[in-house]
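Asker: So here's my_file19.txt (compact mmCIF, N, CA and C atoms).
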```
# COMPACT_ATOMS: atom_id res chain seq x y z
N MET A 1 88.18 -92.75 -70.25
CA MET A 1 87.43 -91.57 -70.64
C MET A 1 88.29 -90.33 -70.61
N THR A 2 89.24 -90.29 -69.68
CA THR A 2 90.12 -89.14 -69.62
C THR A 2 90.91 -89.00 -70.91
N ALA A 3 91.30 -90.14 -71.49
CA ALA A 3 92.05 -90.09 -72.75
C ALA A 3 91.22 -89.41 -73.83
N ILE A 4 89.92 -89.69 -73.85
CA ILE A 4 89.04 -89.05 -74.84
C ILE A 4 88.97 -87.56 -74.58
N ALA A 5 88.82 -87.19 -73.33
CA ALA A 5 88.75 -85.76 -73.00
C ALA A 5 90.07 -85.09 -73.36
N ASN A 6 91.18 -85.76 -73.11
CA ASN A 6 92.48 -85.16 -73.36
C ASN A 6 92.79 -85.07 -74.85
N GLU A 7 92.22 -85.94 -75.68
CA GLU A 7 92.52 -85.87 -77.10
C GLU A 7 91.93 -84.63 -77.73
N LYS A 8 91.04 -83.96 -77.04
CA LYS A 8 90.45 -82.73 -77.52
C LYS A 8 91.38 -81.53 -77.31
N THR A 9 92.46 -81.72 -76.57
CA THR A 9 93.37 -80.61 -76.30
C THR A 9 94.59 -80.72 -77.20
N THR A 10 95.25 -79.61 -77.39
CA THR A 10 96.47 -79.56 -78.18
C THR A 10 97.64 -79.45 -77.23
N ALA A 11 98.73 -80.12 -77.55
CA ALA A 11 99.91 -80.09 -76.68
C ALA A 11 100.32 -78.65 -76.41
N GLY A 12 100.61 -78.37 -75.16
CA GLY A 12 101.06 -77.04 -74.79
C GLY A 12 99.93 -76.10 -74.41
N LYS A 13 98.69 -76.46 -74.69
CA LYS A 13 97.57 -75.60 -74.33
C LYS A 13 97.02 -76.04 -72.99
N THR A 14 96.40 -75.11 -72.28
CA THR A 14 95.78 -75.42 -71.01
C THR A 14 94.46 -76.14 -71.27
N THR A 15 94.23 -77.25 -70.57
CA THR A 15 92.97 -77.98 -70.73
C THR A 15 91.88 -77.29 -69.94
N ASP A 16 90.63 -77.62 -70.26
CA ASP A 16 89.49 -77.08 -69.52
C ASP A 16 89.58 -77.45 -68.05
N ARG A 17 90.01 -78.68 -67.78
CA ARG A 17 90.10 -79.12 -66.39
C ARG A 17 91.15 -78.32 -65.63
N GLN A 18 92.30 -78.06 -66.28
CA GLN A 18 93.34 -77.27 -65.62
C GLN A 18 92.82 -75.86 -65.35
N THR A 19 92.09 -75.30 -66.30
CA THR A 19 91.52 -73.96 -66.13
C THR A 19 90.54 -73.95 -64.98
N THR A 20 89.67 -74.97 -64.93
CA THR A 20 88.67 -75.04 -63.86
C THR A 20 89.34 -75.22 -62.50
N ASP A 21 90.36 -76.09 -62.44
CA ASP A 21 91.07 -76.30 -61.18
C ASP A 21 91.70 -74.99 -60.71
N ARG A 22 92.30 -74.24 -61.66
CA ARG A 22 92.92 -72.97 -61.31
C ARG A 22 91.87 -71.97 -60.84
N GLN A 23 90.73 -71.92 -61.52
CA GLN A 23 89.66 -71.00 -61.13
C GLN A 23 89.14 -71.34 -59.74
N ALA A 24 88.98 -72.63 -59.45
CA ALA A 24 88.49 -73.04 -58.13
C ALA A 24 89.49 -72.65 -57.05
N THR A 25 90.78 -72.85 -57.33
CA THR A 25 91.81 -72.46 -56.37
C THR A 25 91.80 -70.95 -56.16
N ASP A 26 91.67 -70.19 -57.26
CA ASP A 26 91.61 -68.73 -57.16
C ASP A 26 90.40 -68.29 -56.34
N ARG A 27 89.26 -68.96 -56.55
CA ARG A 27 88.04 -68.63 -55.82
C ARG A 27 88.22 -68.85 -54.32
N ARG A 28 88.82 -70.01 -53.97
CA ARG A 28 89.02 -70.31 -52.55
C ARG A 28 90.02 -69.34 -51.93
N THR A 29 91.06 -68.95 -52.68
CA THR A 29 92.03 -67.99 -52.18
C THR A 29 91.34 -66.65 -51.93
N THR A 30 90.51 -66.21 -52.85
CA THR A 30 89.77 -64.95 -52.68
C THR A 30 88.84 -65.03 -51.48
N ASP A 31 88.16 -66.18 -51.32
CA ASP A 31 87.27 -66.36 -50.18
C ASP A 31 88.04 -66.26 -48.86
N ARG A 32 89.22 -66.89 -48.81
CA ARG A 32 90.03 -66.83 -47.59
C ARG A 32 90.49 -65.41 -47.30
N GLN A 33 90.87 -64.68 -48.36
CA GLN A 33 91.31 -63.30 -48.17
C GLN A 33 90.17 -62.42 -47.67
N THR A 34 88.98 -62.65 -48.19
CA THR A 34 87.81 -61.86 -47.82
C THR A 34 87.45 -62.08 -46.35
N THR A 35 87.64 -63.31 -45.87
CA THR A 35 87.25 -63.64 -44.50
C THR A 35 88.44 -63.72 -43.55
N ALA A 36 89.60 -63.24 -43.99
CA ALA A 36 90.83 -63.38 -43.21
C ALA A 36 90.75 -62.78 -41.81
N GLY A 37 90.09 -61.65 -41.64
CA GLY A 37 90.05 -60.99 -40.35
C GLY A 37 88.93 -61.47 -39.44
N LYS A 38 88.14 -62.42 -39.88
CA LYS A 38 87.00 -62.88 -39.10
C LYS A 38 87.37 -64.14 -38.31
N THR A 39 86.66 -64.36 -37.22
CA THR A 39 86.84 -65.59 -36.46
C THR A 39 86.17 -66.73 -37.21
N ALA A 40 86.51 -67.97 -36.82
CA ALA A 40 85.92 -69.13 -37.48
C ALA A 40 84.40 -69.13 -37.33
N ALA A 41 83.92 -68.71 -36.17
CA ALA A 41 82.47 -68.67 -35.94
C ALA A 41 81.81 -67.64 -36.85
N GLU A 42 82.46 -66.49 -37.04
CA GLU A 42 81.92 -65.46 -37.93
C GLU A 42 81.91 -65.94 -39.38
N LYS A 43 82.94 -66.66 -39.79
CA LYS A 43 83.04 -67.14 -41.16
C LYS A 43 81.96 -68.17 -41.47
N THR A 44 81.60 -68.98 -40.48
CA THR A 44 80.69 -70.10 -40.72
C THR A 44 79.27 -69.85 -40.26
N GLY A 45 79.07 -68.86 -39.40
CA GLY A 45 77.75 -68.63 -38.83
C GLY A 45 77.47 -69.52 -37.62
N ALA A 46 78.48 -70.30 -37.22
CA ALA A 46 78.31 -71.20 -36.07
C ALA A 46 78.36 -70.40 -34.77
N ARG A 47 77.80 -70.97 -33.73
CA ARG A 47 77.79 -70.30 -32.43
C ARG A 47 78.89 -70.78 -31.50
N THR A 48 79.56 -71.89 -31.89
CA THR A 48 80.66 -72.39 -31.07
C THR A 48 81.86 -72.67 -31.95
N ALA A 49 83.03 -72.68 -31.34
CA ALA A 49 84.26 -72.97 -32.07
C ALA A 49 84.24 -74.41 -32.60
N GLU A 50 83.68 -75.32 -31.80
CA GLU A 50 83.60 -76.72 -32.23
C GLU A 50 82.75 -76.86 -33.49
N ALA A 51 81.59 -76.23 -33.50
CA ALA A 51 80.72 -76.28 -34.68
C ALA A 51 81.39 -75.62 -35.87
N ALA A 52 82.09 -74.51 -35.63
CA ALA A 52 82.80 -73.81 -36.70
C ALA A 52 83.85 -74.72 -37.32
N GLY A 53 84.55 -75.50 -36.50
CA GLY A 53 85.54 -76.44 -37.02
C GLY A 53 84.91 -77.52 -37.89
N VAL A 54 83.78 -78.04 -37.44
CA VAL A 54 83.07 -79.05 -38.23
C VAL A 54 82.63 -78.46 -39.56
N ILE A 55 82.06 -77.28 -39.52
CA ILE A 55 81.57 -76.62 -40.74
C ILE A 55 82.71 -76.32 -41.69
N THR A 56 83.81 -75.80 -41.17
CA THR A 56 84.96 -75.48 -42.01
C THR A 56 85.48 -76.73 -42.71
N GLY A 57 85.63 -77.80 -41.97
CA GLY A 57 86.11 -79.05 -42.57
C GLY A 57 85.14 -79.58 -43.61
N ALA A 58 83.85 -79.52 -43.32
CA ALA A 58 82.85 -80.01 -44.27
C ALA A 58 82.82 -79.14 -45.52
N ARG A 59 82.98 -77.84 -45.36
CA ARG A 59 82.99 -76.94 -46.53
C ARG A 59 84.19 -77.22 -47.42
N GLU A 60 85.33 -77.52 -46.81
CA GLU A 60 86.51 -77.86 -47.61
C GLU A 60 86.26 -79.12 -48.41
N ARG A 61 85.59 -80.09 -47.79
CA ARG A 61 85.26 -81.34 -48.50
C ARG A 61 84.27 -81.06 -49.62
N VAL A 62 83.26 -80.23 -49.36
CA VAL A 62 82.29 -79.87 -50.40
C VAL A 62 83.00 -79.18 -51.57
N ASP A 63 83.91 -78.26 -51.27
CA ASP A 63 84.65 -77.57 -52.33
C ASP A 63 85.44 -78.57 -53.17
N ALA A 64 86.07 -79.55 -52.51
CA ALA A 64 86.83 -80.57 -53.24
C ALA A 64 85.89 -81.43 -54.10
N LEU A 65 84.73 -81.77 -53.55
CA LEU A 65 83.75 -82.53 -54.33
C LEU A 65 83.26 -81.73 -55.53
N ASP A 66 82.99 -80.45 -55.31
CA ASP A 66 82.56 -79.59 -56.42
C ASP A 66 83.60 -79.56 -57.53
N ASP A 67 84.87 -79.47 -57.16
CA ASP A 67 85.94 -79.46 -58.16
C ASP A 67 85.94 -80.77 -58.95
N ARG A 68 85.74 -81.89 -58.25
CA ARG A 68 85.69 -83.19 -58.93
C ARG A 68 84.48 -83.28 -59.84
N ILE A 69 83.33 -82.81 -59.36
CA ILE A 69 82.10 -82.85 -60.17
C ILE A 69 82.29 -82.04 -61.44
N ILE A 70 82.84 -80.84 -61.31
CA ILE A 70 83.09 -79.99 -62.48
C ILE A 70 84.00 -80.71 -63.47
N GLY A 71 85.05 -81.34 -62.98
CA GLY A 71 85.95 -82.09 -63.85
C GLY A 71 85.24 -83.24 -64.55
N LEU A 72 84.38 -83.94 -63.84
CA LEU A 72 83.63 -85.04 -64.44
C LEU A 72 82.64 -84.54 -65.48
N VAL A 73 82.00 -83.41 -65.22
CA VAL A 73 81.07 -82.83 -66.20
C VAL A 73 81.84 -82.45 -67.47
N GLN A 74 83.01 -81.86 -67.30
CA GLN A 74 83.82 -81.50 -68.47
C GLN A 74 84.24 -82.74 -69.24
N GLU A 75 84.58 -83.79 -68.54
CA GLU A 75 84.94 -85.05 -69.19
C GLU A 75 83.73 -85.62 -69.93
N ARG A 76 82.55 -85.56 -69.31
CA ARG A 76 81.32 -86.04 -69.95
C ARG A 76 81.04 -85.24 -71.21
N MET A 77 81.28 -83.95 -71.17
CA MET A 77 81.07 -83.11 -72.36
C MET A 77 81.97 -83.55 -73.51
N ALA A 78 83.22 -83.84 -73.20
CA ALA A 78 84.17 -84.27 -74.23
C ALA A 78 83.76 -85.62 -74.82
N VAL A 79 83.35 -86.55 -73.97
CA VAL A 79 82.92 -87.86 -74.45
C VAL A 79 81.66 -87.71 -75.30
N SER A 80 80.73 -86.87 -74.87
CA SER A 80 79.51 -86.64 -75.64
C SER A 80 79.82 -86.05 -77.01
N ALA A 81 80.82 -85.18 -77.08
CA ALA A 81 81.20 -84.60 -78.37
C ALA A 81 81.71 -85.68 -79.31
N VAL A 82 82.48 -86.63 -78.79
CA VAL A 82 82.97 -87.74 -79.60
C VAL A 82 81.80 -88.57 -80.12
N ILE A 83 80.83 -88.84 -79.25
CA ILE A 83 79.65 -89.61 -79.64
C ILE A 83 78.88 -88.87 -80.74
N GLN A 84 78.65 -87.58 -80.54
CA GLN A 84 77.92 -86.80 -81.54
C GLN A 84 78.64 -86.80 -82.88
N GLU A 85 79.95 -86.59 -82.85
CA GLU A 85 80.74 -86.57 -84.09
C GLU A 85 80.62 -87.90 -84.83
N ALA A 86 80.71 -89.01 -84.09
CA ALA A 86 80.61 -90.34 -84.71
C ALA A 86 79.22 -90.56 -85.28
N ARG A 87 78.20 -90.15 -84.54
CA ARG A 87 76.82 -90.33 -85.01
C ARG A 87 76.58 -89.52 -86.28
N ILE A 88 77.01 -88.26 -86.28
CA ILE A 88 76.81 -87.39 -87.45
C ILE A 88 77.61 -87.90 -88.64
N ALA A 89 78.86 -88.31 -88.41
CA ALA A 89 79.72 -88.82 -89.48
C ALA A 89 79.12 -90.06 -90.13
N SER A 90 78.35 -90.83 -89.37
CA SER A 90 77.74 -92.04 -89.91
C SER A 90 76.39 -91.77 -90.57
N GLY A 91 76.00 -90.48 -90.61
CA GLY A 91 74.73 -90.12 -91.23
C GLY A 91 73.57 -90.00 -90.26
N GLY A 92 73.85 -90.14 -88.99
CA GLY A 92 72.80 -90.05 -87.98
C GLY A 92 72.55 -88.62 -87.54
N ARG A 93 71.59 -88.49 -86.66
CA ARG A 93 71.26 -87.18 -86.11
C ARG A 93 72.22 -86.82 -84.98
N ARG A 94 72.30 -85.54 -84.69
CA ARG A 94 73.17 -85.05 -83.62
C ARG A 94 72.69 -85.55 -82.26
N VAL A 95 71.38 -85.63 -82.07
CA VAL A 95 70.79 -85.99 -80.78
C VAL A 95 70.00 -87.29 -80.94
N ASN A 96 70.14 -88.17 -79.94
CA ASN A 96 69.39 -89.41 -79.89
C ASN A 96 68.40 -89.30 -78.73
N LEU A 97 67.16 -88.97 -79.04
CA LEU A 97 66.17 -88.68 -78.00
C LEU A 97 65.87 -89.88 -77.11
N SER A 98 65.89 -91.09 -77.66
CA SER A 98 65.62 -92.25 -76.81
C SER A 98 66.73 -92.42 -75.77
N ARG A 99 67.96 -92.14 -76.15
CA ARG A 99 69.07 -92.21 -75.19
C ARG A 99 68.91 -91.12 -74.13
N GLU A 100 68.50 -89.93 -74.55
CA GLU A 100 68.30 -88.86 -73.58
C GLU A 100 67.21 -89.23 -72.58
N MET A 101 66.17 -89.92 -73.03
CA MET A 101 65.11 -90.36 -72.12
C MET A 101 65.65 -91.37 -71.10
N GLU A 102 66.57 -92.25 -71.54
CA GLU A 102 67.21 -93.19 -70.62
C GLU A 102 67.99 -92.44 -69.54
N VAL A 103 68.74 -91.42 -69.96
CA VAL A 103 69.53 -90.62 -69.01
C VAL A 103 68.60 -89.92 -68.02
N LEU A 104 67.53 -89.32 -68.52
CA LEU A 104 66.57 -88.64 -67.65
C LEU A 104 65.97 -89.62 -66.64
N GLY A 105 65.60 -90.79 -67.10
CA GLY A 105 65.03 -91.80 -66.21
C GLY A 105 66.01 -92.24 -65.14
N HIS A 106 67.26 -92.42 -65.53
CA HIS A 106 68.29 -92.84 -64.58
C HIS A 106 68.46 -91.81 -63.46
N TYR A 107 68.57 -90.55 -63.83
CA TYR A 107 68.75 -89.49 -62.83
C TYR A 107 67.49 -89.33 -61.98
N SER A 108 66.34 -89.44 -62.59
CA SER A 108 65.08 -89.30 -61.87
C SER A 108 64.92 -90.41 -60.84
N GLU A 109 65.24 -91.64 -61.23
CA GLU A 109 65.16 -92.77 -60.29
C GLU A 109 66.12 -92.60 -59.13
N ALA A 110 67.31 -92.11 -59.42
CA ALA A 110 68.33 -91.99 -58.38
C ALA A 110 68.11 -90.79 -57.47
N LEU A 111 67.59 -89.67 -58.03
CA LEU A 111 67.56 -88.42 -57.27
C LEU A 111 66.18 -87.76 -57.20
N GLY A 112 65.18 -88.38 -57.79
CA GLY A 112 63.85 -87.79 -57.78
C GLY A 112 63.74 -86.64 -58.77
N ARG A 113 62.73 -85.79 -58.54
CA ARG A 113 62.47 -84.69 -59.46
C ARG A 113 63.69 -83.78 -59.68
N PRO A 114 64.44 -83.43 -58.62
CA PRO A 114 65.64 -82.62 -58.86
C PRO A 114 66.64 -83.32 -59.77
N GLY A 115 66.65 -84.65 -59.75
CA GLY A 115 67.54 -85.40 -60.63
C GLY A 115 67.20 -85.18 -62.09
N THR A 116 65.92 -85.05 -62.39
CA THR A 116 65.50 -84.78 -63.76
C THR A 116 66.03 -83.42 -64.21
N ALA A 117 65.92 -82.43 -63.34
CA ALA A 117 66.43 -81.08 -63.67
C ALA A 117 67.95 -81.12 -63.87
N LEU A 118 68.63 -81.86 -63.01
CA LEU A 118 70.09 -82.00 -63.14
C LEU A 118 70.44 -82.67 -64.47
N ALA A 119 69.72 -83.74 -64.81
CA ALA A 119 69.98 -84.45 -66.07
C ALA A 119 69.73 -83.53 -67.26
N MET A 120 68.68 -82.73 -67.21
CA MET A 120 68.39 -81.80 -68.30
C MET A 120 69.55 -80.81 -68.48
N THR A 121 70.08 -80.32 -67.37
CA THR A 121 71.20 -79.40 -67.43
C THR A 121 72.44 -80.08 -68.02
N LEU A 122 72.72 -81.30 -67.58
CA LEU A 122 73.86 -82.03 -68.12
C LEU A 122 73.70 -82.29 -69.61
N LEU A 123 72.50 -82.70 -70.01
CA LEU A 123 72.26 -82.95 -71.43
C LEU A 123 72.46 -81.68 -72.25
N GLU A 124 71.98 -80.56 -71.74
CA GLU A 124 72.16 -79.30 -72.46
C GLU A 124 73.64 -78.92 -72.55
N LEU A 125 74.37 -79.12 -71.46
CA LEU A 125 75.80 -78.82 -71.48
C LEU A 125 76.53 -79.71 -72.49
N CYS A 126 76.11 -80.94 -72.59
CA CYS A 126 76.83 -81.91 -73.41
C CYS A 126 76.44 -81.87 -74.89
N ARG A 127 75.23 -81.51 -75.20
CA ARG A 127 74.81 -81.52 -76.60
C ARG A 127 74.36 -80.17 -77.10
N GLY A 128 74.24 -79.18 -76.23
CA GLY A 128 73.72 -77.88 -76.60
C GLY A 128 72.21 -77.88 -76.58
N ARG A 129 71.63 -76.73 -76.82
CA ARG A 129 70.17 -76.62 -76.83
C ARG A 129 69.62 -77.24 -78.10
N ILE A 130 68.44 -77.83 -77.96
CA ILE A 130 67.78 -78.37 -79.16
C ILE A 130 66.51 -77.61 -79.44
```
Take the structure in the file and give it back as structure tokens.
Answerer:
Amino acid sequence: MTAIANEKTTAGKTTDRQTTDRQATDRRTTDRQTTAGKTAAEKTGARTAEAAGVITGARERVDALDDRIIGLVQERMAVSAVIQEARIASGGRRVNLSREMEVLGHYSEALGRPGTALAMTLLELCRGRI
């Protein structure tokens, strides 16, 4: 799938993923600079140094997960664009509503009602508004 996402870029240009990775790094650098003079407990809201350490480590992991999620969403968008192009080129419609219902059901089963909202957002990102 990465190959599909990468074929959308031109040699020498920055990819969306590289841009997002750079933005995430810039955001974390700014966050560290903003909180540089504070103690770990002040930065995290924890009442003990031990809890602050746990929170700091967990936040770093969450930030890394967020970066991966963003990259995967961007990859999904690129793959969806290839699917749409192929469907339209073959005379089909841009959107396949039965497929979208499958995606909504999958997210809803896995994550409940919030999963449906997440799937709707992903579908909108990948195919645009209908």
Asker: In Å, rounded to a single decimal, give me how far atom C of Gly57 of chain A is from atom N of Glu109 of chain A.
Answerer: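 A separation of 29.2 Å between them.
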Asker: Could you tell me how far atom CA of Gln84 of chain A lies from atom CA of Glu100 of chain A, in Å and to one decimal?
Answerer: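 A separation of 12.7 Å between them.
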Asker: For atom CA of Ala51 of chain A and atom CA of Ile69 of chain A, determine how far apart the two atoms are, in Å to one decimal place.
Answerer: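 That distance, rounded to one decimal, is 26.4 Å.
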Asker: Between A:Val103, A:Leu65, A:Ala40, A:Cys126, which residue has the minimum interatomic distance to Gly53 of chain A, considering only N, CA and C atoms?
Answerer: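 Residue with the minimum atom-to-atom distance to Gly53 of chain A: A:Ala40.
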Asker: In the coordinate frame of the file, compute which residues have an atom within 12 Å of (69.2, -81.2, -76.4) when using only C-alpha atoms, and state them as a PDB file with N, CA and C atoms, in the frame of the given file.
Answerer:
```pdb
ATOM      1  N   SER A  80      80.730 -86.870 -74.870  1.00  0.00           N
ATOM      2  CA  SER A  80      79.510 -86.640 -75.640  1.00  0.00           C
ATOM      3  C   SER A  80      79.820 -86.050 -77.010  1.00  0.00           C
ATOM      4  N   GLN A  84      78.650 -87.580 -80.540  1.00  0.00           N
ATOM      5  CA  GLN A  84      77.920 -86.800 -81.540  1.00  0.00           C
ATOM      6  C   GLN A  84      78.640 -86.800 -82.880  1.00  0.00           C
ATOM      7  N   ARG A  93      71.590 -88.490 -86.660  1.00  0.00           N
ATOM      8  CA  ARG A  93      71.260 -87.180 -86.110  1.00  0.00           C
ATOM      9  C   ARG A  93      72.220 -86.820 -84.980  1.00  0.00           C
ATOM     10  N   ARG A  94      72.300 -85.540 -84.690  1.00  0.00           N
ATOM     11  CA  ARG A  94      73.170 -85.050 -83.620  1.00  0.00           C
ATOM     12  C   ARG A  94      72.690 -85.550 -82.260  1.00  0.00           C
ATOM     13  N   VAL A  95      71.380 -85.630 -82.070  1.00  0.00           N
ATOM     14  CA  VAL A  95      70.790 -85.990 -80.780  1.00  0.00           C
ATOM     15  C   VAL A  95      70.000 -87.290 -80.940  1.00  0.00           C
ATOM     16  N   ASN A  96      70.140 -88.170 -79.940  1.00  0.00           N
ATOM     17  CA  ASN A  96      69.390 -89.410 -79.890  1.00  0.00           C
ATOM     18  C   ASN A  96      68.400 -89.300 -78.730  1.00  0.00           C
ATOM     19  N   LEU A  97      67.160 -88.970 -79.040  1.00  0.00           N
ATOM     20  CA  LEU A  97      66.170 -88.680 -78.000  1.00  0.00           C
ATOM     21  C   LEU A  97      65.870 -89.880 -77.110  1.00  0.00           C
ATOM     22  N   SER A  98      65.890 -91.090 -77.660  1.00  0.00           N
ATOM     23  CA  SER A  98      65.620 -92.250 -76.810  1.00  0.00           C
ATOM     24  C   SER A  98      66.730 -92.420 -75.770  1.00  0.00           C
ATOM     25  N   ARG A  99      67.960 -92.140 -76.150  1.00  0.00           N
ATOM     26  CA  ARG A  99      69.070 -92.210 -75.190  1.00  0.00           C
ATOM     27  C   ARG A  99      68.910 -91.120 -74.130  1.00  0.00           C
ATOM     28  N   GLU A 100      68.500 -89.930 -74.550  1.00  0.00           N
ATOM     29  CA  GLU A 100      68.300 -88.860 -73.580  1.00  0.00           C
ATOM     30  C   GLU A 100      67.210 -89.230 -72.580  1.00  0.00           C
ATOM     31  N   MET A 101      66.170 -89.920 -73.030  1.00  0.00           N
ATOM     32  CA  MET A 101      65.110 -90.360 -72.120  1.00  0.00           C
ATOM     33  C   MET A 101      65.650 -91.370 -71.100  1.00  0.00           C
ATOM     34  N   VAL A 103      68.740 -91.420 -69.960  1.00  0.00           N
ATOM     35  CA  VAL A 103      69.530 -90.620 -69.010  1.00  0.00           C
ATOM     36  C   VAL A 103      68.600 -89.920 -68.020  1.00  0.00           C
ATOM     37  N   LEU A 104      67.530 -89.320 -68.520  1.00  0.00           N
ATOM     38  CA  LEU A 104      66.570 -88.640 -67.650  1.00  0.00           C
ATOM     39  C   LEU A 104      65.970 -89.620 -66.640  1.00  0.00           C
ATOM     40  N   ALA A 119      69.720 -83.740 -64.810  1.00  0.00           N
ATOM     41  CA  ALA A 119      69.980 -84.450 -66.070  1.00  0.00           C
ATOM     42  C   ALA A 119      69.730 -83.530 -67.260  1.00  0.00           C
ATOM     43  N   MET A 120      68.680 -82.730 -67.210  1.00  0.00           N
ATOM     44  CA  MET A 120      68.390 -81.800 -68.300  1.00  0.00           C
ATOM     45  C   MET A 120      69.550 -80.810 -68.480  1.00  0.00           C
ATOM     46  N   THR A 121      70.080 -80.320 -67.370  1.00  0.00           N
ATOM     47  CA  THR A 121      71.200 -79.400 -67.430  1.00  0.00           C
ATOM     48  C   THR A 121      72.440 -80.080 -68.020  1.00  0.00           C
ATOM     49  N   LEU A 122      72.720 -81.300 -67.580  1.00  0.00           N
ATOM     50  CA  LEU A 122      73.860 -82.030 -68.120  1.00  0.00           C
ATOM     51  C   LEU A 122      73.700 -82.290 -69.610  1.00  0.00           C
ATOM     52  N   LEU A 123      72.500 -82.700 -70.010  1.00  0.00           N
ATOM     53  CA  LEU A 123      72.260 -82.950 -71.430  1.00  0.00           C
ATOM     54  C   LEU A 123      72.460 -81.680 -72.250  1.00  0.00           C
ATOM     55  N   GLU A 124      71.980 -80.560 -71.740  1.00  0.00           N
ATOM     56  CA  GLU A 124      72.160 -79.300 -72.460  1.00  0.00           C
ATOM     57  C   GLU A 124      73.640 -78.920 -72.550  1.00  0.00           C
ATOM     58  N   LEU A 125      74.370 -79.120 -71.460  1.00  0.00           N
ATOM     59  CA  LEU A 125      75.800 -78.820 -71.480  1.00  0.00           C
ATOM     60  C   LEU A 125      76.530 -79.710 -72.490  1.00  0.00           C
ATOM     61  N   CYS A 126      76.110 -80.940 -72.590  1.00  0.00           N
ATOM     62  CA  CYS A 126      76.830 -81.910 -73.410  1.00  0.00           C
ATOM     63  C   CYS A 126      76.440 -81.870 -74.890  1.00  0.00           C
ATOM     64  N   ARG A 127      75.230 -81.510 -75.200  1.00  0.00           N
ATOM     65  CA  ARG A 127      74.810 -81.520 -76.600  1.00  0.00           C
ATOM     66  C   ARG A 127      74.360 -80.170 -77.100  1.00  0.00           C
ATOM     67  N   GLY A 128      74.240 -79.180 -76.230  1.00  0.00           N
ATOM     68  CA  GLY A 128      73.720 -77.880 -76.600  1.00  0.00           C
ATOM     69  C   GLY A 128      72.210 -77.880 -76.580  1.00  0.00           C
ATOM     70  N   ARG A 129      71.630 -76.730 -76.820  1.00  0.00           N
ATOM     71  CA  ARG A 129      70.170 -76.620 -76.830  1.00  0.00           C
ATOM     72  C   ARG A 129      69.620 -77.240 -78.100  1.00  0.00           C
ATOM     73  N   ILE A 130      68.440 -77.830 -77.960  1.00  0.00           N
ATOM     74  CA  ILE A 130      67.780 -78.370 -79.160  1.00  0.00           C
ATOM     75  C   ILE A 130      66.510 -77.610 -79.440  1.00  0.00           C
TER      76      ILE A 130
END
```
